[in-house]
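Structure data (PDB, C-alpha atoms) from my_file_17.pdb:
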ATOM      1  CA  MET H   1      10.790   5.884   6.420  1.00  0.00           C
ATOM      2  CA  GLY H   2      12.983   6.434   9.459  1.00  0.00           C
ATOM      3  CA  LEU H   3      11.170   9.432  10.921  1.00  0.00           C
ATOM      4  CA  PRO H   4       8.267   8.865  13.345  1.00  0.00           C
ATOM      5  CA  LEU H   5       5.932  10.899  11.112  1.00  0.00           C
ATOM      6  CA  SER H   6       6.764   8.899   7.972  1.00  0.00           C
ATOM      7  CA  PRO H   7       4.021   6.238   8.366  1.00  0.00           C
ATOM      8  CA  ILE H   8       1.416   8.936   9.043  1.00  0.00           C
ATOM      9  CA  ILE H   9       2.458  10.943   5.986  1.00  0.00           C
ATOM     10  CA  ALA H  10       2.490   7.779   3.840  1.00  0.00           C
ATOM     11  CA  ASN H  11      -1.026   6.865   4.991  1.00  0.00           C
ATOM     12  CA  LEU H  12      -2.286  10.393   4.291  1.00  0.00           C
ATOM     13  CA  PHE H  13      -0.747  10.265   0.818  1.00  0.00           C
ATOM     14  CA  MET H  14      -2.276   6.857   0.071  1.00  0.00           C
ATOM     15  CA  GLU H  15      -5.741   7.971   1.219  1.00  0.00           C
ATOM     16  CA  HIS H  16      -5.477  11.090  -0.940  1.00  0.00           C
ATOM     17  CA  PHE H  17      -4.257   8.941  -3.844  1.00  0.00           C
ATOM     18  CA  LYS H  18      -7.156   6.494  -3.451  1.00  0.00           C
ATOM     19  CA  THR H  19      -9.772   9.241  -3.340  1.00  0.00           C
ATOM     20  CA  LYS H  20      -8.316  11.005  -6.369  1.00  0.00           C
ATOM     21  CA  ALA H  21      -7.908   7.801  -8.400  1.00  0.00           C
ATOM     22  CA  ILE H  22     -11.337   6.337  -7.645  1.00  0.00           C
ATOM     23  CA  ASP H  23     -13.205   9.630  -8.054  1.00  0.00           C
ATOM     24  CA  SER H  24     -11.625  10.168 -11.481  1.00  0.00           C
ATOM     25  CA  SER H  25     -12.309   6.616 -12.718  1.00  0.00           C
ATOM     26  CA  PRO H  26     -15.526   5.922 -14.636  1.00  0.00           C
ATOM     27  CA  LEU H  27     -15.655   2.370 -13.202  1.00  0.00           C
ATOM     28  CA  LYS H  28     -15.008   1.809  -9.525  1.00  0.00           C
ATOM     29  CA  PRO H  29     -14.068  -1.282  -7.526  1.00  0.00           C
ATOM     30  CA  ARG H  30     -16.791  -2.836  -5.412  1.00  0.00           C
ATOM     31  CA  LEU H  31     -14.324  -3.056  -2.505  1.00  0.00           C
ATOM     32  CA  TRP H  32     -10.964  -1.352  -1.870  1.00  0.00           C
ATOM     33  CA  LYS H  33      -8.970  -2.393   1.197  1.00  0.00           C
ATOM     34  CA  ARG H  34      -5.399  -1.388   1.875  1.00  0.00           C
ATOM     35  CA  PHE H  35      -2.709  -2.333   4.367  1.00  0.00           C
ATOM     36  CA  VAL H  36       0.413  -0.163   4.070  1.00  0.00           C
ATOM     37  CA  ASN H  37       1.302  -0.635   0.378  1.00  0.00           C
ATOM     38  CA  TYR H  38      -0.854  -3.710  -0.321  1.00  0.00           C
ATOM     39  CA  THR H  39      -4.271  -3.162  -1.839  1.00  0.00           C
ATOM     40  CA  TYR H  40      -7.067  -5.704  -2.202  1.00  0.00           C
ATOM     41  CA  ILE H  41      -9.955  -4.893  -4.504  1.00  0.00           C
ATOM     42  CA  ILE H  42     -13.066  -6.665  -5.693  1.00  0.00           C
ATOM     43  CA  TRP H  43     -13.769  -5.828  -9.326  1.00  0.00           C
ATOM     44  CA  ARG H  44     -17.081  -6.637 -11.035  1.00  0.00           C
ATOM     45  CA  HIS H  45     -16.508  -5.091 -14.480  1.00  0.00           C
ATOM     46  CA  GLY H  46     -14.465  -7.779 -16.281  1.00  0.00           C
ATOM     47  CA  LYS H  47     -10.759  -8.439 -16.882  1.00  0.00           C
ATOM     48  CA  GLU H  48     -10.394  -6.052 -19.827  1.00  0.00           C
ATOM     49  CA  LYS H  49     -11.734  -3.127 -17.824  1.00  0.00           C
ATOM     50  CA  LEU H  50      -9.598  -4.151 -14.845  1.00  0.00           C
ATOM     51  CA  ASP H  51      -6.505  -3.699 -17.017  1.00  0.00           C
ATOM     52  CA  ILE H  52      -7.799  -0.235 -17.948  1.00  0.00           C
ATOM     53  CA  PHE H  53      -8.322   0.549 -14.241  1.00  0.00           C
ATOM     54  CA  LEU H  54      -4.769  -0.616 -13.444  1.00  0.00           C
ATOM     55  CA  ASN H  55      -3.414   1.695 -16.158  1.00  0.00           C
ATOM     56  CA  HIS H  56      -5.554   4.500 -14.718  1.00  0.00           C
ATOM     57  CA  LEU H  57      -4.083   3.920 -11.233  1.00  0.00           C
ATOM     58  CA  ASN H  58      -0.551   3.905 -12.615  1.00  0.00           C
ATOM     59  CA  SER H  59      -1.160   7.184 -14.473  1.00  0.00           C
ATOM     60  CA  GLN H  60      -2.034   9.025 -11.248  1.00  0.00           C
ATOM     61  CA  SER H  61       1.504   9.341  -9.842  1.00  0.00           C
ATOM     62  CA  ASP H  62       5.026   9.085 -11.227  1.00  0.00           C
ATOM     63  CA  SER H  63       6.322   7.788  -7.899  1.00  0.00           C
ATOM     64  CA  LEU H  64       3.756   5.038  -7.350  1.00  0.00           C
ATOM     65  CA  GLN H  65       3.143   2.048  -9.625  1.00  0.00           C
ATOM     66  CA  PHE H  66       0.711  -0.782  -8.949  1.00  0.00           C
ATOM     67  CA  THR H  67       1.097  -4.428  -9.931  1.00  0.00           C
ATOM     68  CA  MET H  68      -1.695  -6.957  -9.959  1.00  0.00           C
ATOM     69  CA  GLU H  69      -2.303 -10.556  -8.982  1.00  0.00           C
ATOM     70  CA  MET H  70      -5.533 -12.263 -10.005  1.00  0.00           C
ATOM     71  CA  GLU H  71      -7.409 -14.968  -8.133  1.00  0.00           C
ATOM     72  CA  GLU H  72      -6.812 -18.541  -9.231  1.00  0.00           C
ATOM     73  CA  ASN H  73      -9.367 -21.254  -8.555  1.00  0.00           C
ATOM     74  CA  GLY H  74     -11.409 -18.815  -6.493  1.00  0.00           C
ATOM     75  CA  SER H  75      -8.594 -17.892  -4.106  1.00  0.00           C
ATOM     76  CA  LEU H  76      -5.958 -15.195  -3.744  1.00  0.00           C
ATOM     77  CA  PRO H  77      -3.240 -14.832  -1.108  1.00  0.00           C
ATOM     78  CA  PHE H  78      -3.294 -11.406   0.552  1.00  0.00           C
ATOM     79  CA  LEU H  79      -0.619 -10.745   3.161  1.00  0.00           C
ATOM     80  CA  ASP H  80      -0.618 -13.932   5.283  1.00  0.00           C
ATOM     81  CA  ILE H  81      -4.228 -14.885   4.522  1.00  0.00           C
ATOM     82  CA  LEU H  82      -5.646 -17.011   1.718  1.00  0.00           C
ATOM     83  CA  VAL H  83      -8.861 -15.248   0.689  1.00  0.00           C
ATOM     84  CA  LYS H  84     -11.406 -17.573  -0.953  1.00  0.00           C
ATOM     85  CA  ARG H  85     -14.500 -16.766  -2.986  1.00  0.00           C
ATOM     86  CA  LYS H  86     -17.346 -19.149  -2.254  1.00  0.00           C
ATOM     87  CA  GLN H  87     -19.935 -20.389  -4.780  1.00  0.00           C
ATOM     88  CA  ASP H  88     -22.492 -17.861  -3.497  1.00  0.00           C
ATOM     89  CA  GLY H  89     -20.025 -14.969  -4.043  1.00  0.00           C
ATOM     90  CA  SER H  90     -19.206 -14.430  -0.380  1.00  0.00           C
ATOM     91  CA  ILE H  91     -15.612 -14.310   0.831  1.00  0.00           C
ATOM     92  CA  SER H  92     -13.910 -16.392   3.480  1.00  0.00           C
ATOM     93  CA  HIS H  93     -10.365 -17.046   4.607  1.00  0.00           C
TER
END
Please, can you express the file's structure as structure tokens?
Amino acid sequence: MGLPLSPIIANLFMEHFKTKAIDSSPLKPRLWKRFVNYTYIIWRHGKEKLDIFLNHLNSQSDSLQFTMEMEENGSLPFLDILVKRKQDGSISH
């Protein structure tokens, strides 16, 4: 990551990865946001199918493996922000 082009190449790879992974998945996240190597998704298909999606992501590349954190009590820390899901389904921080 020391070369000036490294962040650009990493971003290009991650965008290609995202497109390939989502296009080849039968179920897609409602929202996919990424910052460097952190990804935030909103998933509306249930926990069991989320585990299947995680396995699908991890099968796309030998050099890239995703881990997952789930919301607890309607909130999930992402980077330095606590993202909260309100009663009406909207999101705040």
Find the nearest atom pair between each residue of range 27-60 of chain H and range 71-93 of chain H for residues within 10 Å, count all atoms listed in the file, give distances in Å to one decimal, sort rows by chain and ascending number, and present the table as a Markdown table.
| residue | atom | partner | partner_atom | distance |
| --- | --- | --- | --- | --- |
| H:Phe35 | CA | H:Leu79 | CA | 8.8 |
| H:Tyr38 | CA | H:Leu79 | CA | 7.9 |
| H:Thr39 | CA | H:Phe78 | CA | 8.6 |
| H:Tyr40 | CA | H:Phe78 | CA | 7.4 |
Residues within 12 Å of (-7.6, 6.8, -0.4), counting all atoms listed in the file, listed as JSON, numbers by chain: {"H": [10, 11, 12, 13, 14, 15, 16, 17, 18, 19, 20, 21, 22, 23, 32, 33, 34, 35, 36, 37, 39, 57]}
Selection result of the PyMOL selection byres ((chain H and resi 66) around 12) on this file, as a PyMOL selection string: chain H and resi 37-40+51+53-65+67-69
Residues near Leu31 in chain H, cut-off 10 Å, only C-alpha atoms, skip fewer than 3 positions along chain, as a VMD selection string: chain H and resid 28 40 to 44
Any chance you could export the current selection's C-alpha atoms as a compact mmCIF listing (two decimals), keeping the file's coordinate frame?
# COMPACT_ATOMS: atom_id res chain seq x y z
CA LYS H 28 -15.01 1.81 -9.52
CA TYR H 40 -7.07 -5.70 -2.20
CA ILE H 41 -9.96 -4.89 -4.50
CA ILE H 42 -13.07 -6.66 -5.69
CA TRP H 43 -13.77 -5.83 -9.33
CA ARG H 44 -17.08 -6.64 -11.04
Centre, x/y/z edge lengths, axis-aligned box for range 36-43 of chain H with 6 Å per side, as AutoDock Vina command-line options:
--center_x -6.2 --center_y -3.4 --center_z -2.6 --size_x 27.1 --size_y 18.5 --size_z 25.4
Distance of CA of Leu5 in chain H from CA of Ser24 in chain H, expressed in Å to one decimal place: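 Calculated distance between CA of Ser24 in chain H and CA of Leu5 in chain H is 28.6 Å.
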d(CA of Lys47 in chain H, CA of Ser25 in chain H) in Å: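 Computing it gives 15.7 Å between the two atoms.
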Which residue of H:His45, H:Met70, H:Ile52, H:Ile8 approaches Pro29 in chain H most closely, using all atoms listed in the file: H:His45
Assuming the input is short of atoms at range 31-45 of chain H, produce N, CA and C atoms for that part as a PDB file, keeping the file's coordinate frame.
ATOM      1  N   LEU H  31     -14.987  -3.106  -3.815  1.00  0.00           N
ATOM      2  CA  LEU H  31     -14.324  -3.056  -2.505  1.00  0.00           C
ATOM      3  C   LEU H  31     -12.883  -2.636  -2.717  1.00  0.00           C
ATOM      4  N   TRP H  32     -12.375  -1.776  -1.854  1.00  0.00           N
ATOM      5  CA  TRP H  32     -10.964  -1.352  -1.870  1.00  0.00           C
ATOM      6  C   TRP H  32     -10.483  -1.400  -0.433  1.00  0.00           C
ATOM      7  N   LYS H  33      -9.570  -2.286  -0.138  1.00  0.00           N
ATOM      8  CA  LYS H  33      -8.970  -2.393   1.197  1.00  0.00           C
ATOM      9  C   LYS H  33      -7.458  -2.296   1.028  1.00  0.00           C
ATOM     10  N   ARG H  34      -6.831  -1.599   1.969  1.00  0.00           N
ATOM     11  CA  ARG H  34      -5.399  -1.388   1.875  1.00  0.00           C
ATOM     12  C   ARG H  34      -4.754  -1.626   3.232  1.00  0.00           C
ATOM     13  N   PHE H  35      -3.567  -2.225   3.190  1.00  0.00           N
ATOM     14  CA  PHE H  35      -2.709  -2.333   4.367  1.00  0.00           C
ATOM     15  C   PHE H  35      -1.326  -1.901   3.931  1.00  0.00           C
ATOM     16  N   VAL H  36      -0.856  -0.787   4.433  1.00  0.00           N
ATOM     17  CA  VAL H  36       0.413  -0.163   4.070  1.00  0.00           C
ATOM     18  C   VAL H  36       0.439   0.006   2.547  1.00  0.00           C
ATOM     19  N   ASN H  37       1.243  -0.781   1.830  1.00  0.00           N
ATOM     20  CA  ASN H  37       1.302  -0.635   0.378  1.00  0.00           C
ATOM     21  C   ASN H  37       0.692  -1.827  -0.362  1.00  0.00           C
ATOM     22  N   TYR H  38      -0.144  -2.593   0.301  1.00  0.00           N
ATOM     23  CA  TYR H  38      -0.854  -3.710  -0.321  1.00  0.00           C
ATOM     24  C   TYR H  38      -2.324  -3.335  -0.435  1.00  0.00           C
ATOM     25  N   THR H  39      -2.876  -3.520  -1.609  1.00  0.00           N
ATOM     26  CA  THR H  39      -4.271  -3.162  -1.839  1.00  0.00           C
ATOM     27  C   THR H  39      -5.021  -4.383  -2.345  1.00  0.00           C
ATOM     28  N   TYR H  40      -6.198  -4.599  -1.801  1.00  0.00           N
ATOM     29  CA  TYR H  40      -7.067  -5.704  -2.202  1.00  0.00           C
ATOM     30  C   TYR H  40      -8.349  -5.082  -2.731  1.00  0.00           C
ATOM     31  N   ILE H  41      -8.703  -5.410  -3.973  1.00  0.00           N
ATOM     32  CA  ILE H  41      -9.955  -4.893  -4.504  1.00  0.00           C
ATOM     33  C   ILE H  41     -10.821  -6.027  -5.021  1.00  0.00           C
ATOM     34  N   ILE H  42     -12.111  -5.786  -5.021  1.00  0.00           N
ATOM     35  CA  ILE H  42     -13.066  -6.665  -5.693  1.00  0.00           C
ATOM     36  C   ILE H  42     -13.581  -5.884  -6.890  1.00  0.00           C
ATOM     37  N   TRP H  43     -13.442  -6.477  -8.059  1.00  0.00           N
ATOM     38  CA  TRP H  43     -13.769  -5.828  -9.326  1.00  0.00           C
ATOM     39  C   TRP H  43     -14.859  -6.624 -10.035  1.00  0.00           C
ATOM     40  N   ARG H  44     -15.930  -5.962 -10.409  1.00  0.00           N
ATOM     41  CA  ARG H  44     -17.081  -6.637 -11.035  1.00  0.00           C
ATOM     42  C   ARG H  44     -17.296  -6.238 -12.490  1.00  0.00           C
ATOM     43  N   HIS H  45     -16.302  -5.631 -13.137  1.00  0.00           N
ATOM     44  CA  HIS H  45     -16.508  -5.091 -14.480  1.00  0.00           C
ATOM     45  C   HIS H  45     -15.756  -5.844 -15.572  1.00  0.00           C
TER      46      HIS H  45
END
